[in-house]
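Novice: My structure file upload19.pdb, PDB, C-alpha atoms, is below:
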ATOM      1  CA  MET C   1     115.607   5.704 -99.364
ATOM      2  CA  THR C   2     116.944   2.911-101.532
ATOM      3  CA  THR C   3     115.508   2.360-104.975
ATOM      4  CA  GLN C   4     112.826  -0.289-105.094
ATOM      5  CA  PRO C   5     112.433  -2.822-107.888
ATOM      6  CA  LYS C   6     109.574  -2.481-110.371
ATOM      7  CA  PHE C   7     107.273  -5.227-111.588
ATOM      8  CA  THR C   8     105.474  -4.732-114.870
ATOM      9  CA  LEU C   9     102.243  -6.667-115.282
ATOM     10  CA  SER C  10      99.840  -6.966-118.175
ATOM     11  CA  PRO C  11      96.177  -8.113-118.204
ATOM     12  CA  ILE C  12      95.309 -11.755-118.875
ATOM     13  CA  GLY C  13      91.758 -10.635-119.689
ATOM     14  CA  TYR C  14      88.934  -8.243-118.857
ATOM     15  CA  VAL C  15      85.769  -8.149-116.763
ATOM     16  CA  ARG C  16      82.392  -7.970-118.505
ATOM     17  CA  SER C  17      80.182  -6.297-115.941
ATOM     18  CA  PRO C  18      76.815  -4.512-115.892
ATOM     19  CA  TYR C  19      78.517  -1.651-114.017
ATOM     20  CA  ASN C  20      79.720   1.263-116.137
ATOM     21  CA  GLU C  21      80.217   3.806-113.368
ATOM     22  CA  THR C  22      81.677   3.539-109.891
ATOM     23  CA  ALA C  23      78.488   5.019-108.413
ATOM     24  CA  GLN C  24      76.514   1.931-109.536
ATOM     25  CA  ILE C  25      78.571  -0.494-107.441
ATOM     26  CA  PRO C  26      77.197  -1.188-103.940
ATOM     27  CA  LYS C  27      79.633   0.115-101.338
ATOM     28  CA  GLY C  28      79.965   0.388 -97.600
ATOM     29  CA  LEU C  29      78.628  -1.675 -94.745
ATOM     30  CA  GLY C  30      76.567  -4.705 -95.681
ATOM     31  CA  ALA C  31      76.987  -4.123 -99.431
ATOM     32  CA  LYS C  32      75.800  -7.211-101.297
ATOM     33  CA  HIS C  33      77.621  -8.348-104.416
ATOM     34  CA  ASP C  34      75.489 -10.932-106.216
ATOM     35  CA  VAL C  35      75.585  -9.444-109.688
ATOM     36  CA  GLU C  36      76.583 -11.762-112.530
ATOM     37  CA  GLY C  37      79.201 -11.021-115.133
ATOM     38  CA  GLU C  38      81.991 -12.591-117.119
ATOM     39  CA  LEU C  39      85.729 -12.937-116.842
ATOM     40  CA  GLU C  40      86.911 -12.955-120.446
ATOM     41  CA  LEU C  41      90.463 -14.152-120.956
ATOM     42  CA  LEU C  42      92.647 -13.267-123.908
ATOM     43  CA  PRO C  43      92.661 -16.169-126.419
ATOM     44  CA  GLU C  44      96.292 -17.107-125.705
ATOM     45  CA  TYR C  45      95.462 -17.866-122.045
ATOM     46  CA  GLU C  46      92.459 -20.148-122.591
ATOM     47  CA  ILE C  47      94.538 -23.313-122.077
ATOM     48  CA  GLY C  48      95.320 -22.040-118.551
ATOM     49  CA  LEU C  49      91.640 -22.501-117.615
ATOM     50  CA  THR C  50      91.782 -26.299-118.010
ATOM     51  CA  ASP C  51      90.037 -28.014-115.040
ATOM     52  CA  ILE C  52      88.812 -24.755-113.534
ATOM     53  CA  GLU C  53      85.171 -25.911-113.825
ATOM     54  CA  GLY C  54      85.533 -28.105-110.731
ATOM     55  CA  PHE C  55      85.993 -25.146-108.389
ATOM     56  CA  SER C  56      82.946 -23.404-106.989
ATOM     57  CA  HIS C  57      84.743 -20.143-106.186
ATOM     58  CA  LEU C  58      87.624 -18.220-107.714
ATOM     59  CA  THR C  59      89.843 -15.442-106.442
ATOM     60  CA  VAL C  60      90.278 -12.707-109.034
ATOM     61  CA  VAL C  61      93.197 -10.271-108.838
ATOM     62  CA  TRP C  62      92.439  -7.116-110.783
ATOM     63  CA  VAL C  63      93.509  -3.497-111.183
ATOM     64  CA  PHE C  64      91.705  -0.408-109.903
ATOM     65  CA  ASP C  65      92.633   1.069-113.275
ATOM     66  CA  ARG C  66      90.462   4.158-112.842
ATOM     67  CA  SER C  67      91.881   5.012-109.411
ATOM     68  CA  THR C  68      94.312   7.897-109.749
ATOM     69  CA  THR C  69      95.133   8.899-106.184
ATOM     70  CA  VAL C  70      96.846   7.305-103.192
ATOM     71  CA  GLU C  71      95.587   8.051 -99.690
ATOM     72  CA  LEU C  72      97.527   6.215 -96.980
ATOM     73  CA  PHE C  73      95.160   7.356 -94.213
ATOM     74  CA  GLY C  74      91.593   8.355 -94.954
ATOM     75  CA  LYS C  75      87.867   7.703 -94.771
ATOM     76  CA  VAL C  76      86.064   4.893 -96.597
ATOM     77  CA  PRO C  77      82.329   4.415 -97.343
ATOM     78  CA  SER C  78      81.840   1.874 -94.524
ATOM     79  CA  ASP C  79      82.819   4.384 -91.815
ATOM     80  CA  GLU C  80      82.060   8.098 -92.227
ATOM     81  CA  GLN C  81      83.201   8.906 -88.705
ATOM     82  CA  ARG C  82      86.830   7.842 -88.517
ATOM     83  CA  PRO C  83      89.692   7.551 -91.008
ATOM     84  CA  HIS C  84      91.725   4.320 -91.179
ATOM     85  CA  GLY C  85      95.057   3.226 -92.617
ATOM     86  CA  VAL C  86      94.692   2.121 -96.224
ATOM     87  CA  PHE C  87      96.026  -1.387 -95.454
ATOM     88  CA  ALA C  88      93.214  -1.810 -92.920
ATOM     89  CA  THR C  89      90.665  -1.076 -95.684
ATOM     90  CA  ARG C  90      89.768  -2.191 -99.194
ATOM     91  CA  SER C  91      90.028   1.383-100.527
ATOM     92  CA  PRO C  92      91.096   1.763-104.182
ATOM     93  CA  ARG C  93      93.488   4.569-103.200
ATOM     94  CA  ARG C  94      96.370   2.149-102.481
ATOM     95  CA  PRO C  95     100.084   2.464-103.320
ATOM     96  CA  ASN C  96      99.617  -0.462-105.737
ATOM     97  CA  PRO C  97      96.040  -0.295-107.081
ATOM     98  CA  LEU C  98      95.402  -4.039-106.746
ATOM     99  CA  ALA C  99      92.018  -5.514-105.862
ATOM    100  CA  ILE C 100      90.920  -9.018-104.909
ATOM    101  CA  THR C 101      87.392 -10.327-105.368
ATOM    102  CA  ASN C 102      86.139 -13.809-104.600
ATOM    103  CA  VAL C 103      83.444 -14.832-107.077
ATOM    104  CA  GLU C 104      81.257 -17.887-107.540
ATOM    105  CA  LEU C 105      81.940 -19.753-110.781
ATOM    106  CA  LEU C 106      78.639 -20.453-112.572
ATOM    107  CA  GLY C 107      79.944 -21.852-115.831
ATOM    108  CA  ARG C 108      82.579 -21.761-118.515
ATOM    109  CA  ASP C 109      82.291 -21.178-122.237
ATOM    110  CA  GLY C 110      85.773 -21.501-123.734
ATOM    111  CA  ARG C 111      87.758 -18.500-122.545
ATOM    112  CA  ARG C 112      84.756 -16.917-120.802
ATOM    113  CA  LEU C 113      83.888 -17.618-117.166
ATOM    114  CA  ARG C 114      80.380 -16.735-116.040
ATOM    115  CA  VAL C 115      80.579 -15.660-112.413
ATOM    116  CA  ARG C 116      78.441 -14.242-109.592
ATOM    117  CA  GLY C 117      79.693 -11.620-107.170
ATOM    118  CA  ILE C 118      81.076  -9.026-109.584
ATOM    119  CA  ASP C 119      82.062  -5.693-108.011
ATOM    120  CA  MET C 120      84.203  -4.421-110.870
ATOM    121  CA  LEU C 121      83.444  -1.949-113.636
ATOM    122  CA  ASP C 122      82.978  -3.179-117.199
ATOM    123  CA  GLY C 123      86.355  -3.451-118.925
ATOM    124  CA  THR C 124      88.382  -3.834-115.731
ATOM    125  CA  PRO C 125      91.762  -5.501-116.407
ATOM    126  CA  ILE C 126      92.272  -8.910-114.777
ATOM    127  CA  LEU C 127      95.803  -9.840-113.697
ATOM    128  CA  ASP C 128      95.238 -13.312-112.281
ATOM    129  CA  ILE C 129      92.655 -15.968-111.436
ATOM    130  CA  LYS C 130      93.213 -18.587-108.736
ATOM    131  CA  PRO C 131      91.044 -21.318-107.238
ATOM    132  CA  TYR C 132      89.574 -20.402-103.836
ATOM    133  CA  LEU C 133      90.719 -23.258-101.613
ATOM    134  CA  SER C 134      90.045 -22.714 -97.945
ATOM    135  CA  ASN C 135      88.493 -20.477 -95.312
ATOM    136  CA  VAL C 136      89.896 -18.953 -92.158
ATOM    137  CA  PRO C 137      88.205 -20.750 -89.227
ATOM    138  CA  GLU C 138      85.118 -18.679 -88.339
ATOM    139  CA  ASP C 139      85.828 -18.817 -84.618
ATOM    140  CA  LYS C 140      89.253 -17.232 -85.181
ATOM    141  CA  LEU C 141      88.175 -14.423 -87.495
ATOM    142  CA  ARG C 142      88.150 -10.879 -86.087
ATOM    143  CA  ARG C 143      87.118  -7.944 -88.277
ATOM    144  CA  GLY C 144      88.606  -4.969 -86.420
ATOM    145  CA  TRP C 145      87.130  -1.511 -86.948
ATOM    146  CA  LEU C 146      84.516  -2.908 -89.332
ATOM    147  CA  ALA C 147      82.983  -5.006 -86.553
ATOM    148  CA  GLU C 148      82.998  -1.890 -84.344
ATOM    149  CA  VAL C 149      81.129   0.144 -86.960
ATOM    150  CA  GLU C 150      78.615  -2.682 -87.405
ATOM    151  CA  ALA C 151      78.046  -2.823 -83.650
ATOM    152  CA  ARG C 152      77.624   0.974 -83.543
ATOM    153  CA  LYS C 153      75.028   0.813 -86.310
ATOM    154  CA  GLY C 154      73.318  -2.284 -84.940
ATOM    155  CA  LYS C 155      74.054  -4.371 -88.046
TER
ATOM    156  CA  MET Z 156      96.328  -9.344-131.162
ATOM    157  CA  THR Z 157      95.845  -5.867-129.786
ATOM    158  CA  THR Z 158      98.434  -4.343-127.516
ATOM    159  CA  GLN Z 159      97.613  -4.687-123.827
ATOM    160  CA  PRO Z 160      98.204  -1.976-121.224
ATOM    161  CA  LYS Z 161     101.022  -2.338-118.706
ATOM    162  CA  PHE Z 162     100.842  -1.730-114.965
ATOM    163  CA  THR Z 163     104.055  -1.000-113.105
ATOM    164  CA  LEU Z 164     104.049  -1.863-109.427
ATOM    165  CA  SER Z 165     106.647  -1.405-106.722
ATOM    166  CA  PRO Z 166     106.975  -3.128-103.311
ATOM    167  CA  ILE Z 167     105.440  -1.562-100.213
ATOM    168  CA  GLY Z 168     107.706  -3.788 -98.113
ATOM    169  CA  TYR Z 169     109.382  -7.160 -97.764
ATOM    170  CA  VAL Z 170     108.770 -10.490 -96.033
ATOM    171  CA  ARG Z 171     111.100 -11.589 -93.234
ATOM    172  CA  SER Z 172     110.897 -15.354 -93.310
ATOM    173  CA  PRO Z 173     112.880 -18.320 -91.992
ATOM    174  CA  TYR Z 174     112.824 -19.766 -95.530
ATOM    175  CA  ASN Z 175     115.840 -19.036 -97.701
ATOM    176  CA  GLU Z 176     115.283 -21.643-100.388
ATOM    177  CA  THR Z 177     112.160 -22.817-102.177
ATOM    178  CA  ALA Z 178     112.876 -26.429-101.162
ATOM    179  CA  GLN Z 179     112.330 -25.496 -97.472
ATOM    180  CA  ILE Z 180     108.715 -24.418 -98.000
ATOM    181  CA  PRO Z 181     106.098 -27.162 -97.465
ATOM    182  CA  LYS Z 182     104.321 -27.899-100.744
ATOM    183  CA  GLY Z 183     101.677 -30.180-102.109
ATOM    184  CA  LEU Z 184      98.681 -31.866-100.579
ATOM    185  CA  GLY Z 185      98.047 -31.139 -96.907
ATOM    186  CA  ALA Z 186     101.038 -28.783 -96.611
ATOM    187  CA  LYS Z 187     100.804 -26.896 -93.316
ATOM    188  CA  HIS Z 188     101.867 -23.270 -93.123
ATOM    189  CA  ASP Z 189     102.178 -22.253 -89.491
ATOM    190  CA  VAL Z 190     105.606 -20.700 -89.594
ATOM    191  CA  GLU Z 191     105.982 -17.199 -88.127
ATOM    192  CA  GLY Z 192     107.627 -14.281 -89.842
ATOM    193  CA  GLU Z 193     107.332 -10.556 -90.394
ATOM    194  CA  LEU Z 194     105.868  -8.247 -92.974
ATOM    195  CA  GLU Z 195     108.176  -5.227 -92.912
ATOM    196  CA  LEU Z 196     106.811  -2.146 -94.625
ATOM    197  CA  LEU Z 197     108.919   0.668 -96.030
ATOM    198  CA  PRO Z 198     108.953   3.607 -93.564
ATOM    199  CA  GLU Z 199     106.837   5.838 -95.821
ATOM    200  CA  TYR Z 200     103.922   3.369 -95.666
ATOM    201  CA  GLU Z 201     103.734   2.898 -91.875
ATOM    202  CA  ILE Z 202     100.810   5.339 -91.541
ATOM    203  CA  GLY Z 203      98.795   3.031 -93.819
ATOM    204  CA  LEU Z 204      98.854   0.347 -91.082
ATOM    205  CA  THR Z 205      96.739   2.445 -88.688
ATOM    206  CA  ASP Z 206      93.976   0.288 -87.105
ATOM    207  CA  ILE Z 207      95.243  -2.946 -88.645
ATOM    208  CA  GLU Z 208      95.734  -4.483 -85.175
ATOM    209  CA  GLY Z 209      92.003  -5.202 -84.864
ATOM    210  CA  PHE Z 210      92.016  -7.745 -87.673
ATOM    211  CA  SER Z 211      92.902 -11.345 -86.897
ATOM    212  CA  HIS Z 212      93.846 -12.237 -90.466
ATOM    213  CA  LEU Z 213      95.371 -10.382 -93.399
ATOM    214  CA  THR Z 214      95.560 -11.084 -97.103
ATOM    215  CA  VAL Z 215      99.039 -10.445 -98.463
ATOM    216  CA  VAL Z 216      99.604  -9.883-102.183
ATOM    217  CA  TRP Z 217     103.193 -10.600-103.133
ATOM    218  CA  VAL Z 218     105.450 -11.360-106.087
ATOM    219  CA  PHE Z 219     106.923 -14.728-107.039
ATOM    220  CA  ASP Z 220     110.055 -12.725-107.789
ATOM    221  CA  ARG Z 221     112.254 -15.786-108.253
ATOM    222  CA  SER Z 222     109.891 -17.455-110.718
ATOM    223  CA  THR Z 223     111.249 -17.059-114.232
ATOM    224  CA  THR Z 224     109.035 -19.260-116.393
ATOM    225  CA  VAL Z 225     105.379 -19.343-117.402
ATOM    226  CA  GLU Z 226     103.633 -22.675-117.859
ATOM    227  CA  LEU Z 227      99.969 -22.320-118.804
ATOM    228  CA  PHE Z 228      99.302 -26.062-118.515
ATOM    229  CA  GLY Z 229     101.468 -28.296-116.350
ATOM    230  CA  LYS Z 230     101.952 -30.423-113.261
ATOM    231  CA  VAL Z 231     102.041 -29.105-109.706
ATOM    232  CA  PRO Z 232     103.318 -30.720-106.460
ATOM    233  CA  SER Z 233      99.823 -31.630-105.247
ATOM    234  CA  ASP Z 234      99.132 -33.897-108.247
ATOM    235  CA  GLU Z 235     101.961 -35.834-109.928
ATOM    236  CA  GLN Z 236      99.581 -37.701-112.195
ATOM    237  CA  ARG Z 237      97.762 -35.063-114.235
ATOM    238  CA  PRO Z 238      98.605 -31.573-115.466
ATOM    239  CA  HIS Z 239      96.154 -28.720-114.874
ATOM    240  CA  GLY Z 240      95.604 -25.231-116.254
ATOM    241  CA  VAL Z 241      97.655 -22.657-114.348
ATOM    242  CA  PHE Z 242      94.538 -20.677-113.310
ATOM    243  CA  ALA Z 243      93.207 -23.843-111.648
ATOM    244  CA  THR Z 244      96.391 -24.035-109.541
ATOM    245  CA  ARG Z 245      98.508 -21.853-107.269
ATOM    246  CA  SER Z 246     101.636 -22.515-109.357
ATOM    247  CA  PRO Z 247     104.255 -19.715-109.448
ATOM    248  CA  ARG Z 248     104.620 -20.150-113.223
ATOM    249  CA  ARG Z 249     101.795 -17.710-113.990
ATOM    250  CA  PRO Z 250     101.566 -14.999-116.685
ATOM    251  CA  ASN Z 251     101.643 -12.400-113.877
ATOM    252  CA  PRO Z 252     103.725 -13.848-111.012
ATOM    253  CA  LEU Z 253     101.330 -12.725-108.275
ATOM    254  CA  ALA Z 254     100.703 -14.699-105.099
ATOM    255  CA  ILE Z 255      98.142 -14.366-102.332
ATOM    256  CA  THR Z 256      98.635 -15.662 -98.798
ATOM    257  CA  ASN Z 257      96.250 -15.311 -95.886
ATOM    258  CA  VAL Z 258      98.168 -14.946 -92.643
ATOM    259  CA  GLU Z 259      97.224 -14.601 -88.985
ATOM    260  CA  LEU Z 260      98.237 -11.266 -87.471
ATOM    261  CA  LEU Z 261     100.038 -11.864 -84.151
ATOM    262  CA  GLY Z 262     101.179  -8.338 -83.394
ATOM    263  CA  ARG Z 263     102.482  -5.050 -84.685
ATOM    264  CA  ASP Z 264     105.654  -3.158 -83.893
ATOM    265  CA  GLY Z 265     105.586   0.093 -85.866
ATOM    266  CA  ARG Z 266     106.027  -0.807 -89.499
ATOM    267  CA  ARG Z 267     106.567  -4.515 -88.745
ATOM    268  CA  LEU Z 268     103.707  -7.007 -88.584
ATOM    269  CA  ARG Z 269     104.418 -10.321 -86.870
ATOM    270  CA  VAL Z 270     102.366 -12.985 -88.629
ATOM    271  CA  ARG Z 271     101.789 -16.743 -88.683
ATOM    272  CA  GLY Z 272     101.289 -18.735 -91.881
ATOM    273  CA  ILE Z 273     104.265 -17.546 -93.918
ATOM    274  CA  ASP Z 274     104.920 -19.474 -97.147
ATOM    275  CA  MET Z 275     107.214 -16.919 -98.767
ATOM    276  CA  LEU Z 276     110.980 -16.799 -99.073
ATOM    277  CA  ASP Z 277     112.948 -14.278 -97.034
ATOM    278  CA  GLY Z 278     113.107 -10.945 -98.882
ATOM    279  CA  THR Z 279     109.981 -11.531-100.943
ATOM    280  CA  PRO Z 280     108.503  -8.230-102.187
ATOM    281  CA  ILE Z 281     105.044  -7.352-100.838
ATOM    282  CA  LEU Z 282     102.696  -5.403-103.121
ATOM    283  CA  ASP Z 283      99.667  -5.030-100.877
ATOM    284  CA  ILE Z 284      98.119  -5.942 -97.529
ATOM    285  CA  LYS Z 285      94.355  -6.069 -96.989
ATOM    286  CA  PRO Z 286      92.149  -7.110 -94.078
ATOM    287  CA  TYR Z 287      90.631 -10.592 -94.457
ATOM    288  CA  LEU Z 288      86.918  -9.951 -94.063
ATOM    289  CA  SER Z 289      84.741 -12.927 -94.860
ATOM    290  CA  ASN Z 290      84.640 -16.593 -95.819
ATOM    291  CA  VAL Z 291      82.897 -18.414 -98.615
ATOM    292  CA  PRO Z 292      80.089 -20.492 -96.998
ATOM    293  CA  GLU Z 293      81.588 -23.938 -96.289
ATOM    294  CA  ASP Z 294      78.579 -25.790 -97.700
ATOM    295  CA  LYS Z 295      79.036 -24.020-101.035
ATOM    296  CA  LEU Z 296      82.784 -24.540-101.428
ATOM    297  CA  ARG Z 297      83.965 -27.103-103.991
ATOM    298  CA  ARG Z 298      87.675 -27.722-104.529
ATOM    299  CA  GLY Z 299      87.743 -29.363-107.975
ATOM    300  CA  TRP Z 300      90.700 -31.544-108.950
ATOM    301  CA  LEU Z 301      92.306 -31.009-105.527
ATOM    302  CA  ALA Z 302      89.391 -32.753-103.815
ATOM    303  CA  GLU Z 303      89.693 -35.589-106.347
ATOM    304  CA  VAL Z 304      93.392 -36.050-105.590
ATOM    305  CA  GLU Z 305      92.669 -36.021-101.856
ATOM    306  CA  ALA Z 306      89.993 -38.695-102.329
ATOM    307  CA  ARG Z 307      92.401 -40.777-104.450
ATOM    308  CA  LYS Z 308      95.043 -40.597-101.743
ATOM    309  CA  GLY Z 309      92.613 -41.088 -98.883
ATOM    310  CA  LYS Z 310      93.402 -37.691 -97.303
TER
END
Starting from the coordinates I provided, produce the structure as structure tokens.

Specialist:
Amino acid sequence: MTTQPKFTLSPIGYVRSPYNETAQIPKGLGAKHDVEGELELLPEYEIGLTDIEGFSHLTVVWVFDRSTTVELFGKVPSDEQRPHGVFATRSPRRPNPLAITNVELLGRDGRRLRVRGIDMLDGTPILDIKPYLSNVPEDKLRRGWLAEVEARKGK
Amino acid sequence: MTTQPKFTLSPIGYVRSPYNETAQIPKGLGAKHDVEGELELLPEYEIGLTDIEGFSHLTVVWVFDRSTTVELFGKVPSDEQRPHGVFATRSPRRPNPLAITNVELLGRDGRRLRVRGIDMLDGTPILDIKPYLSNVPEDKLRRGWLAEVEARKGK
């Protein structure tokens, strides 16, 4: 095994969320995320938000900073019956504990973005924010084992 | 300014792409990304791909590993007239040089995923792969300054 490079990243800001414990966050099949919260950037990055108000949705890259284990093959809340490979799930137990959430941008107050669709704990470190630009065509989207579980459960 | 935590990440694999130089990658307004390539995982992560074949599209998190500068406010190829905040763009000159690309999964051969929609250079480090699960409703999606530039140029 050759040695792999390392990339060291540091937060650009933090999530302000009503969730203080993992158990409070809706999980599994059909979980709805319409809770509001804030993305609060560090003061030195505020200039990087210029013109962000025009976008309705943002993609937030953040860290599962309270996830301490890696499980390459295991069960997730949306399917209690069968384990899946971690890259076929959104499990926090990933080799790199990175998460992506698409949120709706409700408003901006300086370095604070008010957003809907929070599924992060309060204080979660944010690594990046990008404008959400385009969808995958609906008629081409297949959702693998998740669609199978939904069919099994009649959802 | 308080000290921020650091997160050290390491590649789970590398992109095999026909692009060897940044200049070869389509950029700017209306750029099409339908080139095929491979996501090649390190052998130890192959088990994490179990069941990924059922998904039509994947979200790839990768590193702009050849980007060396940060520009919080600047011009990007899709708009030569006005600068924008970096978090309102997909510029590589970000505080954390993270990129996200949604690709179409064409097939899997062990630890290699054949995909369409590559916009990375050959050898680009991959940090994570996730299933693409759902779209933002089209009637709710606004694309800010990008839509304005498109209107200006009649695209």

Novice: Any chance you could tabulate, as JSON lines, the residues of chain Z at most 6 Å from chain C with each one's nearest atom pair and distance in Å to one decimal, using all atoms listed in the file, in chain and rising number order?

Specialist:
{"residue": "Z:Lys161", "atom": "CA", "partner": "C:Ser10", "partner_atom": "CA", "distance": 4.8}
{"residue": "Z:Phe162", "atom": "CA", "partner": "C:Leu9", "partner_atom": "CA", "distance": 5.1}
{"residue": "Z:Thr163", "atom": "CA", "partner": "C:Thr8", "partner_atom": "CA", "distance": 4.4}
{"residue": "Z:Leu164", "atom": "CA", "partner": "C:Phe7", "partner_atom": "CA", "distance": 5.1}
{"residue": "Z:Ser165", "atom": "CA", "partner": "C:Lys6", "partner_atom": "CA", "distance": 4.8}
{"residue": "Z:Gly203", "atom": "CA", "partner": "C:Gly85", "partner_atom": "CA", "distance": 3.9}
{"residue": "Z:Leu204", "atom": "CA", "partner": "C:Gly85", "partner_atom": "CA", "distance": 5.0}
{"residue": "Z:Thr205", "atom": "CA", "partner": "C:Gly85", "partner_atom": "CA", "distance": 4.3}
{"residue": "Z:Ile207", "atom": "CA", "partner": "C:Ala88", "partner_atom": "CA", "distance": 4.9}
{"residue": "Z:Gly209", "atom": "CA", "partner": "C:Gly144", "partner_atom": "CA", "distance": 3.7}
{"residue": "Z:Phe210", "atom": "CA", "partner": "C:Gly144", "partner_atom": "CA", "distance": 4.6}
{"residue": "Z:Ser211", "atom": "CA", "partner": "C:Arg142", "partner_atom": "CA", "distance": 4.8}
{"residue": "Z:Leu227", "atom": "CA", "partner": "C:Gly48", "partner_atom": "CA", "distance": 4.7}
{"residue": "Z:Phe228", "atom": "CA", "partner": "C:Gly48", "partner_atom": "CA", "distance": 5.7}
{"residue": "Z:His239", "atom": "CA", "partner": "C:Thr50", "partner_atom": "CA", "distance": 5.9}
{"residue": "Z:Gly240", "atom": "CA", "partner": "C:Gly48", "partner_atom": "CA", "distance": 3.9}
{"residue": "Z:Val241", "atom": "CA", "partner": "C:Gly48", "partner_atom": "CA", "distance": 4.8}
{"residue": "Z:Phe242", "atom": "CA", "partner": "C:Lys130", "partner_atom": "CA", "distance": 5.2}
{"residue": "Z:Ala243", "atom": "CA", "partner": "C:Ile52", "partner_atom": "CA", "distance": 4.9}
{"residue": "Z:Asn251", "atom": "CA", "partner": "C:Leu9", "partner_atom": "CA", "distance": 5.9}
{"residue": "Z:Ile284", "atom": "CA", "partner": "C:Phe87", "partner_atom": "CA", "distance": 5.4}
{"residue": "Z:Lys285", "atom": "CA", "partner": "C:Phe87", "partner_atom": "CA", "distance": 5.2}
{"residue": "Z:Pro286", "atom": "CA", "partner": "C:Ala88", "partner_atom": "CA", "distance": 5.5}
{"residue": "Z:Asn290", "atom": "CA", "partner": "C:Asn135", "partner_atom": "CA", "distance": 5.5}
{"residue": "Z:Leu296", "atom": "CA", "partner": "C:Ser56", "partner_atom": "CA", "distance": 5.7}
{"residue": "Z:Arg297", "atom": "CA", "partner": "C:Ser56", "partner_atom": "CA", "distance": 4.9}
{"residue": "Z:Arg298", "atom": "CA", "partner": "C:Phe55", "partner_atom": "CA", "distance": 4.9}
{"residue": "Z:Gly299", "atom": "CA", "partner": "C:Gly54", "partner_atom": "CA", "distance": 3.7}

Novice: Which of these residues is nearest to Leu113 of chain C, using all atoms listed in the file: C:Ser17, C:Gln24, C:Thr69, C:Ser78?

Specialist: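 Once distances to Leu113 of chain C are computed over all atoms listed in the file, the minimum belongs to C:Ser17.
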
Novice: Work out how far atom CA of Asp122 of chain C is from atom CA of Tyr19 of chain C, in Å to one decimal.

Specialist: 5.7 Å

Novice: Choose the residue, out of Z:Arg307, Z:Arg248, Z:Arg221, Z:His188, that has the smallest atom-to-atom separation from Ile273 of chain Z; count only C-alpha atoms.

Specialist: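 Among Z:Arg307, Z:Arg248, Z:Arg221, Z:His188, it is Z:His188 that comes nearest to Ile273 of chain Z.
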
Novice: Report, in Å with one decimal, the straight-line distance from atom CA of Glu176 of chain Z to atom CA of Leu260 of chain Z.

Specialist: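 Taking atom CA of Glu176 of chain Z as the start and atom CA of Leu260 of chain Z as the end point, the length is 23.8 Å.
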
Novice: First collect every listed atom of segment 214-230 of chain Z; then fit an axis-aligned box around them, widen it by 6 Å on each side, and give centre and edge lengths in Å to one decimal, as lines of an AutoDock Vina configuration file.

Specialist:
center_x = 103.9
center_y = -20.2
center_z = -108.0
size_x = 28.7
size_y = 32.5
size_z = 33.7

Novice: So the first atom is atom CA of Val149 of chain C and the second is atom CA of Asp79 of chain C; what is the distance between them in Å, to one decimal place?

Specialist: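 Computing it gives 6.7 Å between the two atoms.
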
Novice: Need the shell around Gly278 of chain Z: protein/DNA/RNA residues with any atom at most 8 Å away, counting only C-alpha atoms. Skip same-chain ones fewer than 3 positions apart. Format as a PyMOL selection string?

Specialist: chain Z and resi 169-172

Novice: Counting all atoms listed in the file, which residue out of C:Lys153, C:Arg108, C:Arg82, C:Arg116 sits closest to Pro18 of chain C?

Specialist: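 Looking only at the distances to Pro18 of chain C, the closest residue turns out to be C:Arg116.
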